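Raw contents of final00.txt, compact mmCIF, C-alpha atoms and all ligand atoms:
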# COMPACT_ATOMS: atom_id res chain seq x y z
CA MET A 1 17.44 23.64 49.34
CA LYS A 2 15.47 20.40 49.64
CA TYR A 3 12.14 20.55 51.47
CA ASP A 4 11.07 17.55 53.44
CA ILE A 5 7.79 18.82 54.77
CA PRO A 6 5.40 16.03 55.85
CA ILE A 7 2.20 15.87 53.80
CA PRO A 8 -0.58 17.60 55.73
CA TYR A 9 -3.12 14.87 54.90
CA GLU A 10 -5.82 16.34 57.12
CA ARG A 11 -5.67 19.67 55.33
CA LEU A 12 -5.53 18.10 51.86
CA ILE A 13 -8.57 15.92 52.65
CA TYR A 14 -10.30 19.09 53.85
CA PHE A 15 -9.69 20.66 50.41
CA GLN A 16 -11.49 17.73 48.79
CA GLU A 17 -14.45 18.20 51.13
CA LEU A 18 -14.42 21.93 50.47
CA LEU A 19 -14.66 21.35 46.73
CA GLY A 20 -17.26 18.60 47.10
CA LEU A 21 -14.89 16.22 45.33
CA GLU A 22 -16.47 12.88 46.03
CA GLU A 23 -15.84 9.27 45.18
CA ARG A 24 -18.80 9.34 42.80
CA GLU A 25 -16.89 11.81 40.63
CA ALA A 26 -14.41 9.03 39.78
CA PRO A 27 -16.76 6.81 37.68
CA THR A 28 -17.85 9.91 35.71
CA LEU A 29 -14.25 10.45 34.63
CA GLU A 30 -13.33 6.78 34.43
CA ARG A 31 -15.79 6.23 31.61
CA TYR A 32 -13.88 8.69 29.41
CA GLN A 33 -10.45 8.16 30.90
CA GLY A 34 -9.11 6.59 27.68
CA PHE A 35 -9.80 9.72 25.60
CA PHE A 36 -7.74 11.83 27.97
CA LEU A 37 -4.93 9.31 28.37
CA GLU A 38 -4.33 9.10 24.66
CA LYS A 39 -3.89 12.89 24.58
CA SER A 40 -1.20 12.96 27.29
CA GLN A 41 1.68 13.41 24.86
CA GLU A 42 -0.19 16.16 23.01
CA PHE A 43 -0.77 17.84 26.37
CA ALA A 44 2.96 17.75 27.22
CA GLU A 45 3.85 19.22 23.78
CA HIS A 46 1.18 21.92 24.20
CA CYS A 47 2.50 22.88 27.64
CA TYR A 48 6.08 22.88 26.42
CA HIS A 49 5.33 25.17 23.47
CA TYR A 50 3.33 27.51 25.66
CA PHE A 51 6.11 27.92 28.23
CA HIS A 52 8.77 28.06 25.51
CA LYS A 53 7.24 31.36 24.34
CA ILE A 54 7.70 32.99 27.77
CA PRO A 55 11.33 34.16 28.27
CA GLU A 56 11.39 33.38 32.03
CA THR A 57 10.26 29.76 31.54
CA ARG A 58 12.04 29.24 28.19
CA ILE A 59 15.38 29.61 29.93
CA ILE A 60 14.46 26.74 32.28
CA LEU A 61 13.33 24.50 29.43
CA GLU A 62 16.45 25.27 27.39
CA HIS A 63 18.67 24.26 30.32
CA GLU A 64 17.24 20.82 30.99
CA GLU A 65 19.97 18.38 31.94
CA ARG A 66 18.12 15.51 30.33
CA SER A 67 16.54 16.54 27.06
CA GLY A 68 12.74 16.15 27.00
CA ASN A 69 12.59 15.92 30.82
CA MET A 70 9.82 18.45 31.31
CA LYS A 71 7.73 16.96 28.52
CA ARG A 72 8.05 13.55 30.22
CA ILE A 73 7.15 15.05 33.60
CA TRP A 74 4.08 16.83 32.24
CA GLN A 75 2.95 13.75 30.33
CA HIS A 76 3.35 11.56 33.41
CA TRP A 77 1.52 14.08 35.60
CA PHE A 78 -1.37 14.28 33.14
CA GLU A 79 -1.65 10.49 32.96
CA SER A 80 -1.52 10.15 36.75
CA LEU A 81 -4.37 12.59 37.06
CA PHE A 82 -6.68 10.44 34.97
CA LYS A 83 -5.35 7.03 36.05
CA HIS A 84 -5.41 7.36 39.82
CA LYS A 85 -8.22 8.22 42.10
CA LEU A 86 -7.54 11.18 44.38
CA ASP A 87 -6.15 8.92 47.01
CA ARG A 88 -3.03 8.45 49.08
CA GLN A 89 -1.11 7.55 45.92
CA LEU A 90 -1.76 10.79 44.04
CA LEU A 91 -1.69 13.25 46.97
CA PRO A 92 2.03 12.75 47.79
CA TYR A 93 2.88 13.18 44.11
CA LEU A 94 0.97 16.48 43.87
CA TRP A 95 2.47 17.67 47.16
CA ARG A 96 5.99 16.75 45.99
CA SER A 97 5.56 18.69 42.73
CA GLY A 98 4.55 21.80 44.73
CA LEU A 99 7.64 21.52 46.94
CA ARG A 100 9.89 20.83 43.93
CA HIS A 101 8.78 24.08 42.28
CA VAL A 102 9.75 26.05 45.39
CA GLU A 103 13.08 24.19 45.65
CA LEU A 104 13.88 25.26 42.09
CA ASN A 105 12.50 28.75 42.58
CA ILE A 106 9.95 28.31 39.76
CA ASP A 107 7.77 31.41 39.73
CA GLN A 108 4.42 30.40 41.26
CA ARG A 109 2.61 32.73 38.87
CA PHE A 110 3.75 30.59 35.95
CA VAL A 111 2.71 27.39 37.69
CA ASN A 112 -0.76 28.92 38.20
CA LEU A 113 -0.78 29.82 34.53
CA GLY A 114 0.07 26.18 33.80
CA TYR A 115 -3.11 25.08 35.59
CA SER A 116 -5.19 27.40 33.49
CA ILE A 117 -3.63 25.84 30.36
CA VAL A 118 -4.42 22.34 31.63
CA ARG A 119 -8.03 23.37 32.26
CA ARG A 120 -8.50 24.81 28.78
CA PHE A 121 -6.83 21.75 27.23
CA CYS A 122 -9.09 19.32 29.13
CA GLN A 123 -12.21 21.31 28.30
CA ARG A 124 -11.32 21.21 24.61
CA ILE A 125 -10.83 17.43 24.65
CA ALA A 126 -14.06 16.96 26.59
CA ARG A 127 -16.05 19.07 24.10
CA GLU A 128 -14.56 17.18 21.16
CA VAL A 129 -15.19 13.65 22.37
CA ILE A 130 -17.87 13.50 25.03
CA PRO A 131 -21.56 13.23 24.09
CA THR A 132 -23.54 16.34 25.01
CA ALA A 133 -25.68 14.50 27.57
CA ASP A 134 -22.58 13.51 29.60
CA LEU A 135 -20.52 16.63 29.01
CA GLU A 136 -21.61 18.75 31.98
CA PRO A 137 -20.80 16.23 34.77
CA VAL A 138 -17.40 15.50 33.18
CA LEU A 139 -16.54 19.21 32.97
CA VAL A 140 -17.60 19.67 36.61
CA ALA A 141 -15.46 16.68 37.71
CA ILE A 142 -12.41 18.00 35.79
CA ASP A 143 -12.86 21.45 37.29
CA LYS A 144 -13.00 20.09 40.82
CA MET A 145 -10.00 17.84 40.23
CA LEU A 146 -7.86 20.71 38.90
CA ASP A 147 -9.05 23.09 41.63
CA ASN A 148 -7.91 20.49 44.12
CA CYS A 149 -4.46 20.17 42.47
CA LEU A 150 -4.13 23.95 42.55
CA LEU A 151 -5.03 24.11 46.25
CA ILE A 152 -2.45 21.41 47.04
CA GLU A 153 0.21 23.15 44.93
CA THR A 154 -0.53 26.49 46.64
CA GLN A 155 -0.49 24.90 50.09
CA ALA A 156 2.93 23.36 49.34
CA PHE A 157 4.15 26.76 48.11
CA ILE A 158 2.97 28.54 51.29
CA SER A 159 4.35 25.83 53.60
CA ALA A 160 7.75 25.72 51.88
CA THR A 161 8.20 29.49 51.54
CA SER A 162 7.14 30.32 55.08
CA GLN A 163 9.02 27.36 56.62
CA CYS A 164 12.42 29.01 56.40
CA ASP A 165 11.33 32.29 58.09
CA ILE A 166 9.46 30.37 60.74
CA LYS A 167 12.41 28.09 61.47
CA VAL A 168 14.70 31.13 61.89
CA VAL A 169 12.29 32.96 64.21
CA ARG A 170 11.58 29.80 66.23
CA GLY A 171 15.27 28.95 66.40
CA ILE A 172 16.19 32.40 67.71
CA SER A 173 13.30 32.38 70.16
CA HIS A 174 14.39 28.98 71.48
CA GLN A 175 18.16 29.51 71.47
CA VAL A 176 18.25 32.84 73.31
CA ARG A 177 16.34 31.49 76.30
CA ASN A 178 19.34 29.64 77.74
CA PRO A 179 21.71 32.64 77.79
CA ILE A 180 18.87 34.78 79.19
CA THR A 181 18.38 32.37 82.10
CA ILE A 182 22.12 32.26 82.81
CA ILE A 183 22.49 36.07 82.67
CA GLY A 184 19.41 36.52 84.90
CA GLY A 185 20.65 34.02 87.50
CA ASN A 186 24.14 35.53 87.68
CA ILE A 187 22.99 39.13 87.90
CA SER A 188 20.54 38.24 90.63
CA ARG A 189 23.37 36.58 92.59
CA LEU A 190 25.64 39.63 92.12
CA GLN A 191 22.85 41.99 93.14
CA LYS A 192 22.39 40.15 96.44
CA LYS A 193 26.02 40.98 97.31
CA VAL A 194 25.47 44.76 97.22
CA LYS A 195 23.25 46.99 99.34
CA PRO A 196 20.14 48.63 97.77
CA GLY A 197 21.71 52.11 98.18
CA ASP A 198 24.82 51.12 96.22
CA SER A 199 25.18 52.49 92.67
CA LEU A 200 25.91 48.94 91.41
CA TYR A 201 22.57 47.78 92.78
CA HIS A 202 20.77 50.14 90.40
CA THR A 203 22.95 48.99 87.48
CA TYR A 204 22.09 45.34 88.20
CA GLU A 205 18.45 46.31 88.41
CA ILE A 206 18.59 47.82 84.90
CA ILE A 207 20.34 44.72 83.51
CA MET A 208 17.66 42.51 85.11
CA GLN A 209 14.87 44.59 83.56
CA GLU A 210 16.48 44.47 80.13
CA ASN A 211 17.06 40.73 80.51
CA LYS A 212 13.38 40.25 81.35
CA ARG A 213 12.49 42.30 78.25
CA LEU A 214 14.70 40.02 76.14
CA GLU A 215 13.02 36.97 77.61
CA ARG A 216 9.56 38.33 76.79
CA MET A 217 10.75 39.24 73.31
CA ALA A 218 11.92 35.66 72.74
CA ILE A 219 8.58 34.31 73.97
CA ASP A 220 6.59 36.82 71.86
CA ALA A 221 8.60 35.98 68.74
CA GLY A 222 7.70 32.31 69.26
CA VAL A 223 4.01 33.20 69.72
CA TYR A 224 4.07 35.32 66.54
CA SER A 225 5.61 32.58 64.41
CA GLU A 226 3.26 29.90 65.76
CA MET A 227 0.22 32.07 65.15
CA PHE A 228 1.44 32.88 61.65
CA GLN A 229 1.72 29.22 60.74
CA LYS A 230 -1.42 27.80 62.33
CA ASP A 231 -4.67 27.91 60.37
CA PRO A 232 -7.60 29.28 62.38
CA ARG A 233 -10.36 26.91 63.50
CA PHE A 234 -13.55 28.88 63.64
CA SER A 235 -16.10 28.41 66.40
CA ASN A 236 -18.52 30.55 68.41
CA ASN A 237 -16.91 31.90 71.59
CA SER A 238 -18.16 33.76 74.63
CA LEU A 239 -16.66 37.26 74.50
CA LYS A 240 -16.80 37.52 78.29
CA GLY A 241 -15.02 34.15 78.60
CA LEU A 242 -12.20 35.16 76.22
CA ILE A 243 -11.61 38.47 78.00
CA SER A 244 -11.66 36.93 81.47
CA ARG A 245 -9.21 34.18 80.44
CA ALA A 246 -6.85 36.84 79.02
CA LEU A 247 -7.18 38.89 82.23
CA ASP A 248 -6.52 35.81 84.37
CA ARG A 249 -3.22 35.27 82.55
CA LEU A 250 -2.29 38.94 83.06
CA ARG A 251 -3.20 38.84 86.75
CA LYS A 252 -0.13 36.66 87.28
CA THR A 253 2.13 39.47 86.02
CA ASP A 254 3.60 42.51 87.82
CA TRP A 255 1.61 45.04 85.83
CA PHE A 256 -1.69 44.18 87.39
CA LYS A 257 -1.26 45.89 90.76
CA ASN A 258 -3.85 48.55 91.84
CA LEU A 259 -5.57 48.37 88.50
CA ARG A 260 -9.27 49.29 88.03
CA ILE A 261 -11.04 47.46 85.21
CA HIS A 262 -14.57 48.33 84.22
CA THR A 263 -16.36 45.98 81.82
CA ASP A 264 -19.56 46.83 79.95
CA LEU A 265 -20.36 44.21 77.29
CA ASP A 266 -23.57 44.37 75.27
CA PRO A 267 -25.63 41.34 76.46
CA LYS A 268 -27.42 41.18 73.08
CA PHE A 269 -24.15 40.05 71.43
CA PRO A 270 -22.48 37.66 73.86
CA GLU A 271 -20.54 35.67 71.25
CA ILE A 272 -17.87 36.28 68.64
CA GLN A 273 -16.70 34.00 65.90
CA GLY A 274 -13.11 32.90 65.42
CA ASP A 275 -10.35 30.66 66.66
CA PRO A 276 -10.55 30.64 70.50
CA LYS A 277 -6.78 30.40 70.97
CA ASP A 278 -6.04 33.26 68.54
CA LEU A 279 -8.72 35.46 70.09
CA GLU A 280 -7.63 34.85 73.67
CA THR A 281 -4.04 35.64 72.68
CA MET A 282 -5.23 38.78 70.89
CA PHE A 283 -7.05 40.06 74.01
CA TYR A 284 -4.07 39.12 76.18
CA TYR A 285 -1.70 41.30 74.11
CA LEU A 286 -4.17 44.18 73.68
CA LEU A 287 -4.82 44.30 77.41
CA GLN A 288 -1.13 43.93 78.20
CA ASN A 289 -0.46 46.86 75.88
CA SER A 290 -3.14 48.96 77.60
CA ILE A 291 -1.86 48.09 81.07
CA GLU A 292 1.72 49.02 80.15
CA ALA A 293 0.56 52.43 78.91
CA LEU A 294 -1.56 53.28 81.99
CA ASN A 295 -1.27 56.49 83.94
CA PRO A 296 0.10 55.19 87.30
CA ASP A 297 -1.84 57.89 89.20
CA ASN A 298 -5.13 56.87 87.59
CA PRO A 299 -4.76 53.26 86.38
CA HIS A 300 -8.10 52.66 84.73
CA ILE A 301 -9.17 50.37 81.87
CA ARG A 302 -12.66 50.21 80.35
CA ILE A 303 -13.72 47.30 78.14
CA SER A 304 -17.01 47.68 76.30
CA SER A 305 -18.74 46.23 73.25
CA LYS A 306 -21.39 47.52 70.89
CA MET A 307 -22.76 46.96 67.43
CA LYS A 308 -22.09 50.17 65.56
CA ASP A 309 -24.28 49.82 62.48
CA PRO A 310 -27.03 47.31 63.28
CA PRO A 311 -27.71 44.79 61.83
CA SER A 312 -24.03 44.28 61.10
CA PRO A 313 -22.25 40.91 61.08
CA PHE A 314 -19.46 42.56 63.16
CA ILE A 315 -19.25 43.80 66.72
CA GLU A 316 -16.86 46.46 68.00
CA ILE A 317 -14.99 45.92 71.24
CA GLU A 318 -13.37 48.98 72.79
CA ILE A 319 -10.49 48.86 75.22
CA PHE A 320 -9.78 52.27 76.71
CA ASN A 321 -6.81 53.00 78.94
CA THR A 322 -5.68 56.14 80.75
CA GLY A 323 -2.12 57.39 80.23
CA THR A 324 -0.35 59.59 77.71
CA PRO A 325 -1.71 58.65 74.28
CA PRO A 326 0.67 57.97 71.39
CA LYS A 327 1.33 60.81 68.95
CA PRO A 328 -0.91 60.61 65.83
CA GLU A 329 2.15 59.97 63.61
CA GLU A 330 3.12 57.04 65.85
CA LEU A 331 -0.21 55.20 65.58
CA SER A 332 0.45 53.13 62.44
CA ASN A 333 4.04 52.28 63.48
CA LEU A 334 2.77 50.61 66.64
CA PHE A 335 1.69 47.60 64.56
CA VAL A 336 5.16 47.18 63.04
CA PRO A 337 7.21 44.39 64.72
CA PHE A 338 10.02 45.66 67.01
CA TYR A 339 8.61 49.21 67.14
CA SER A 340 7.84 50.03 70.74
CA SER A 341 7.10 53.34 72.41
CA LYS A 342 7.35 51.83 75.90
CA PRO A 343 10.59 51.43 77.87
CA TYR A 344 9.98 47.72 78.56
CA GLY A 345 7.85 46.88 75.51
CA THR A 346 8.92 44.03 73.22
CA GLY A 347 7.54 45.59 70.04
CA PHE A 348 5.62 42.39 69.36
CA GLY A 349 2.38 42.75 71.35
CA LEU A 350 0.34 44.79 68.87
CA PRO A 351 1.68 42.97 65.76
CA ILE A 352 0.61 39.65 67.36
CA ALA A 353 -2.82 41.08 68.19
CA GLN A 354 -3.21 42.42 64.66
CA LEU A 355 -2.16 39.12 63.10
CA ALA A 356 -4.75 37.29 65.26
CA ALA A 357 -7.48 39.77 64.30
CA ARG A 358 -6.69 39.50 60.59
CA LYS A 359 -6.60 35.69 60.67
CA ASP A 360 -10.04 35.78 62.26
CA LEU A 361 -11.50 38.29 59.76
CA GLY A 362 -11.25 41.19 62.18
CA GLU A 363 -9.55 44.59 62.31
CA ILE A 364 -7.86 46.69 64.99
CA TYR A 365 -7.58 50.49 65.15
CA LEU A 366 -6.07 52.78 67.73
CA GLU A 367 -7.40 56.21 68.58
CA ALA A 368 -5.46 58.75 70.65
CA LEU A 369 -7.77 60.76 72.93
CA ALA A 370 -5.91 63.91 73.89
CA ASP A 371 -5.55 64.40 77.68
CA GLN A 372 -7.52 61.20 78.37
CA GLY A 373 -5.79 58.11 77.06
CA THR A 374 -5.94 55.62 74.19
CA LYS A 375 -8.86 53.76 72.71
CA CYS A 376 -8.26 50.46 70.94
CA ILE A 377 -11.16 49.32 68.76
CA VAL A 378 -11.37 45.68 67.65
CA LYS A 379 -13.93 44.78 65.01
CA LEU A 380 -14.75 41.05 65.02
CA PRO A 381 -17.36 38.86 63.32
CA ILE A 382 -20.34 37.61 65.35
CA PRO A 383 -21.98 34.22 64.66
CA ALA A 384 -24.27 34.20 61.63
CA ARG A 385 -27.95 34.76 62.43
CA LYS A 386 -30.13 31.68 62.01
CA THR A 387 -32.69 32.23 59.23
C1 LIG B 1 0.31 22.87 35.47
C2 LIG B 1 1.47 23.30 35.91
C3 LIG B 1 2.57 22.34 36.34
C4 LIG B 1 2.48 21.06 36.78
C5 LIG B 1 1.24 20.21 36.93
C6 LIG B 1 3.81 20.61 37.07
C7 LIG B 1 4.14 19.36 37.53
C8 LIG B 1 5.39 18.97 37.93
C9 LIG B 1 5.73 17.68 38.49
C10 LIG B 1 4.73 16.55 38.74
C11 LIG B 1 7.04 17.68 38.76
C12 LIG B 1 7.88 16.51 39.30
C13 LIG B 1 7.95 16.55 40.81
C14 LIG B 1 8.79 15.42 41.37
O1 LIG B 1 8.37 14.29 41.23
O2 LIG B 1 9.86 15.73 41.91
C15 LIG B 1 7.57 18.96 38.35
C16 LIG B 1 8.89 19.33 38.44
C17 LIG B 1 9.39 20.43 37.77
N1 LIG B 1 8.67 21.45 37.20
FE1 LIG B 1 6.69 21.57 37.08
N2 LIG B 1 4.70 21.64 36.78
C18 LIG B 1 3.97 22.71 36.34
C19 LIG B 1 4.45 23.91 35.94
C20 LIG B 1 5.79 24.18 35.74
C21 LIG B 1 6.32 25.35 35.09
C22 LIG B 1 5.50 26.51 34.54
C23 LIG B 1 7.66 25.20 35.06
C24 LIG B 1 8.64 26.16 34.45
C25 LIG B 1 9.20 25.87 33.34
C26 LIG B 1 7.98 23.95 35.73
C27 LIG B 1 9.24 23.45 35.93
C28 LIG B 1 9.56 22.31 36.61
C29 LIG B 1 10.91 21.85 36.86
C30 LIG B 1 12.18 22.50 36.39
C31 LIG B 1 10.80 20.67 37.60
C32 LIG B 1 11.94 19.78 38.11
C33 LIG B 1 12.31 18.74 37.14
C34 LIG B 1 13.32 17.77 37.70
O3 LIG B 1 13.37 17.55 38.91
O4 LIG B 1 14.08 17.22 36.90
N3 LIG B 1 6.81 23.36 36.12
N4 LIG B 1 6.54 19.72 37.87
Serialized structure, structure tokens:
Amino acid sequence: MKYDIPIPYERLIYFQELLGLEEREAPTLERYQGFFLEKSQEFAEHCYHYFHKIPETRIILEHEERSGNMKRIWQHWFESLFKHKLDRQLLPYLWRSGLRHVELNIDQRFVNLGYSIVRRFCQRIAREVIPTADLEPVLVAIDKMLDNCLLIETQAFISATSQCDIKVVRGISHQVRNPITIIGGNISRLQKKVKPGDSLYHTYEIIMQENKRLERMAIDAGVYSEMFQKDPRFSNNSLKGLISRALDRLRKTDWFKNLRIHTDLDPKFPEIQGDPKDLETMFYYLLQNSIEALNPDNPHIRISSKMKDPPSPFIEIEIFNTGTPPKPEELSNLFVPFYSSKPYGTGFGLPIAQLAARKDLGEIYLEALADQGTKCIVKLPIPARKT
């Protein structure tokens, strides 16, 4: 399979910033560039011999269609590293090599090992030829450059390996919506032709409910795959704001009727840290889950927050709902996709909420309170204290 994933320039530039890889690093390396370039063939031989000793990589090297191909590739890669600046010329080449490894199913662990070999090789050359006074900045520049290559390689690996799953989930989510709309429209028309007391009326009602469940499942699958792929963008967010936006979205749904919601948030900790979209979606699904489980005779939800072990960098938010609590043996299964204990559940709500919490450095637990209801505890980071 050939991957044609566009280069995520923004993310790759972010890696450079993260590593503090700056333009001024280039002259440091440029001064000694020649020493490294003349060792490129030795590097390729060294790499080849190393991977020839490992059975899993030897088999690849022994089946090259063009003899000496991998040596040429490694030599060219090594030369490119020292010839080009980390600019728009080198980035596509590094990205392409990451995708190529996935295309050929090269074990990522061996590629990582390759980077460790490159690092040791470069350090040896540097120690042999560079005067002591200049050695440290050159070693630092090489380290940053290789760290950057490794981040790009890993990003390409993640993007390529997750792309297939995501495409399948997104495709299903998108494709099933049309048949769902057609089924829903037709059943609704048929239902209008029979009287509410008629046995067919009830049958149509069940089909409509199941069709609605399918529709929600398709939407939730799309939300899950999008959340899985998108990197979080951290910011400080008002907890009250996130919860009220999630509740506003739920107010538009059928479940909200006659519901009592009691909110008691600790005013000392008004903000939480994380991606606002992820967190709002997380609260939406947690609250939806609580509402679906409510005792219809006593529909009550309590949302509260507190810091459990002050001064902790995390705050705990509790969402309690009335209704029959899940059995203790069911608790961990509730976070597994497609597992649902509710007649009209999609089996995606809690997995989406858990994915959002994990992406934003948080955790979610459920506690069954016998004869009372269920408590959902979300632990999330608060903004760092200013010192
Ligand atoms: C430091 C680690 C490594 C680096 C820097 C690296 C670099 C590269 C580059 C630049 C390409 C060419 C990409 C393109 O232009 O299409 C490539 C392709 C390839 N790599 Fe790696 N590689 C590494 C590790 C490995 C390992 C451990 C193996 C396993 C033996 C391997 C096997 C291959 C193969 C089979 C190809 C495809 C060759 C072709 O298309 O003819 N690589 N690699």
Just the residues within 9 Å of Ile106 in chain A, please, counting all atoms listed in the file, with nothing from its chain fewer than 5 positions along; format it as an mmCIF file with C-alpha atoms, in the coordinates of the input.
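Done, and the output landed in part.cif:
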data_model
loop_
_atom_site.group_PDB
_atom_site.id
_atom_site.type_symbol
_atom_site.label_atom_id
_atom_site.label_comp_id
_atom_site.auth_asym_id
_atom_site.auth_seq_id
_atom_site.Cartn_x
_atom_site.Cartn_y
_atom_site.Cartn_z
ATOM 1 C CA THR A 57 10.260 29.760 31.540
ATOM 2 C CA ILE A 60 14.460 26.740 32.280
ATOM 3 C CA ARG A 100 9.890 20.830 43.930
ATOM 4 C CA HIS A 101 8.780 24.080 42.280
ATOM 5 C CA VAL A 111 2.710 27.390 37.690
#
Mind working out the centre and edge lengths of an axis-aligned box for ligand LIG 1 (chain B), all listed atoms inside, 3 Å added to each side, rounded to one decimal in Å and written as lines of an AutoDock Vina configuration file?
center_x = 7.2
center_y = 20.4
center_z = 37.6
size_x = 19.8
size_y = 18.2
size_z = 14.6
Which residues, written as a list of chain:residue names, have at least one atom at most 6 Å from range 318-331 of chain A, with all atoms listed in the file counted and residues fewer than 4 positions away on the same chain left out? A:Ser290, A:Ala293, A:Leu294, A:Asn295, A:His300, A:Ile301, A:Arg302, A:Ile303, A:Ser304, A:Ala368, A:Gln372, A:Gly373, A:Thr374, A:Lys375, A:Cys376, A:Ile377
Write the selection just made, keeping C-alpha atoms, as an mmCIF file, in the frame of the given file?
data_model
loop_
_atom_site.group_PDB
_atom_site.id
_atom_site.type_symbol
_atom_site.label_atom_id
_atom_site.label_comp_id
_atom_site.auth_asym_id
_atom_site.auth_seq_id
_atom_site.Cartn_x
_atom_site.Cartn_y
_atom_site.Cartn_z
ATOM 1 C CA SER A 290 -3.140 48.960 77.600
ATOM 2 C CA ALA A 293 0.560 52.430 78.910
ATOM 3 C CA LEU A 294 -1.560 53.280 81.990
ATOM 4 C CA ASN A 295 -1.270 56.490 83.940
ATOM 5 C CA HIS A 300 -8.100 52.660 84.730
ATOM 6 C CA ILE A 301 -9.170 50.370 81.870
ATOM 7 C CA ARG A 302 -12.660 50.210 80.350
ATOM 8 C CA ILE A 303 -13.720 47.300 78.140
ATOM 9 C CA SER A 304 -17.010 47.680 76.300
ATOM 10 C CA ALA A 368 -5.460 58.750 70.650
ATOM 11 C CA GLN A 372 -7.520 61.200 78.370
ATOM 12 C CA GLY A 373 -5.790 58.110 77.060
ATOM 13 C CA THR A 374 -5.940 55.620 74.190
ATOM 14 C CA LYS A 375 -8.860 53.760 72.710
ATOM 15 C CA CYS A 376 -8.260 50.460 70.940
ATOM 16 C CA ILE A 377 -11.160 49.320 68.760
#
Name the closest residue to ligand LIG 1 (chain B) among the candidates A:Ile317, A:Leu12, A:Ile5, A:Cys47; distances are taken between atoms, counting all atoms listed in the file.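 Among A:Ile317, A:Leu12, A:Ile5, A:Cys47, it is A:Cys47 that comes nearest to ligand LIG 1 (chain B).
Residues in contact with ligand LIG 1 (chain B) comprise Phe51, Thr57, Arg58, Ile60, Leu61, Asn69, Met70, Ile73, Trp74, Trp77, Tyr93, Leu94, Arg96, Ser97, Arg100, His101, Leu104, Ile106, Phe110, Val111, Asn112, Gly114, Tyr115 and Val118 of chain A, where contact means an atom-to-atom distance of at most 7 Å counting only C-alpha atoms and all ligand atoms.
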Identify the residues around (-19.1, 44.6, 64.9) within a radius of 6 Å, measuring from all atoms listed in the file in the coordinates stated by the file, and give them as a PDB file with C-alpha atoms, keeping the file's coordinate frame.
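Dumped to out_23.pdb:
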ATOM      1  CA  MET A 307     -22.760  46.960  67.430  1.00  0.00           C
ATOM      2  CA  PHE A 314     -19.460  42.560  63.160  1.00  0.00           C
ATOM      3  CA  ILE A 315     -19.250  43.800  66.720  1.00  0.00           C
ATOM      4  CA  GLU A 316     -16.860  46.460  68.000  1.00  0.00           C
ATOM      5  CA  LYS A 379     -13.930  44.780  65.010  1.00  0.00           C
ATOM      6  CA  LEU A 380     -14.750  41.050  65.020  1.00  0.00           C
TER       7      LEU A 380
END
For CA of Gln89 in chain A and CA of Leu139 in chain A, quote the distance in Å rounded to one decimal.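 Computing it gives 23.3 Å between the two atoms.
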Would you mind telling me which residue in A:Leu355, A:Val140, A:Leu81, A:Ile59 lies nearest to Phe36 in chain A when using only C-alpha atoms?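 For Phe36 in chain A, the nearest of the given residues is A:Leu81.
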Would you mind reading off the distance between CA of Lys71 in chain A and CA of Ser116 in chain A, one decimal, in Å?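 Separation of CA of Lys71 in chain A and CA of Ser116 in chain A: 17.3 Å.
In terms of minimum interatomic distance to Asp248 in chain A, A:Tyr284 ranks closest within A:Phe82, A:Tyr284, A:Phe348, A:Tyr48, counting all atoms listed in the file.
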CA of Ser312 in chain A and CA of Pro276 in chain A are how many Å apart?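 Computing it gives 21.4 Å between the two atoms.
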Quick one: of A:Ala141, A:Ile382, A:Leu334, A:Ala126, who's nearest to Ile364 in chain A, counting only C-alpha atoms?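 Result for the nearest residue to Ile364 in chain A: A:Leu334.
Minimum atom-to-atom distances from A:Pro8, A:Gly34, A:Gly20, A:Pro179 to Ala218 in chain A were compared using all atoms listed in the file, and the lowest value belongs to A:Pro179.
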Pick out the residues sitting within 9 Å of Gly222 in chain A, and hand them over as a ChimeraX atom specification; count all atoms listed in the file, and ignore anything fewer than 5 positions along from it in its own chain. /A:166,169-174,217,227
Fewer than 2 positions away in the same chain doesn't count, so skip those; otherwise give me all residues within 12 Å of Gln16 in chain A, counting all atoms listed in the file, as number ranges by chain. A: 9-14, 18-23, 25, 86-87, 91, 141, 144-152
Selected residue, from A:Glu30, A:Asp4, A:Glu292, A:Asp371, that lies nearest to Ala160 in chain A when counting all atoms listed in the file: A:Asp4
Would you fill out range 367-372 of chain A with N, CA and C atoms and return it as a PDB file, in the frame of the given file?
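What ended up in result39.pdb:
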ATOM      1  N   GLU A 367      -7.024  54.800  68.638  1.00  0.00           N
ATOM      2  CA  GLU A 367      -7.400  56.210  68.580  1.00  0.00           C
ATOM      3  C   GLU A 367      -6.771  56.911  69.785  1.00  0.00           C
ATOM      4  N   ALA A 368      -6.056  58.003  69.529  1.00  0.00           N
ATOM      5  CA  ALA A 368      -5.460  58.750  70.650  1.00  0.00           C
ATOM      6  C   ALA A 368      -6.473  59.793  71.107  1.00  0.00           C
ATOM      7  N   LEU A 369      -6.829  59.774  72.392  1.00  0.00           N
ATOM      8  CA  LEU A 369      -7.770  60.760  72.930  1.00  0.00           C
ATOM      9  C   LEU A 369      -6.979  61.749  73.773  1.00  0.00           C
ATOM     10  N   ALA A 370      -6.782  62.932  73.218  1.00  0.00           N
ATOM     11  CA  ALA A 370      -5.910  63.910  73.890  1.00  0.00           C
ATOM     12  C   ALA A 370      -6.324  64.115  75.343  1.00  0.00           C
ATOM     13  N   ASP A 371      -5.363  64.176  76.238  1.00  0.00           N
ATOM     14  CA  ASP A 371      -5.550  64.400  77.680  1.00  0.00           C
ATOM     15  C   ASP A 371      -6.355  63.312  78.381  1.00  0.00           C
ATOM     16  N   GLN A 372      -6.736  62.249  77.689  1.00  0.00           N
ATOM     17  CA  GLN A 372      -7.520  61.200  78.370  1.00  0.00           C
ATOM     18  C   GLN A 372      -6.787  59.866  78.358  1.00  0.00           C
TER      19      GLN A 372
END
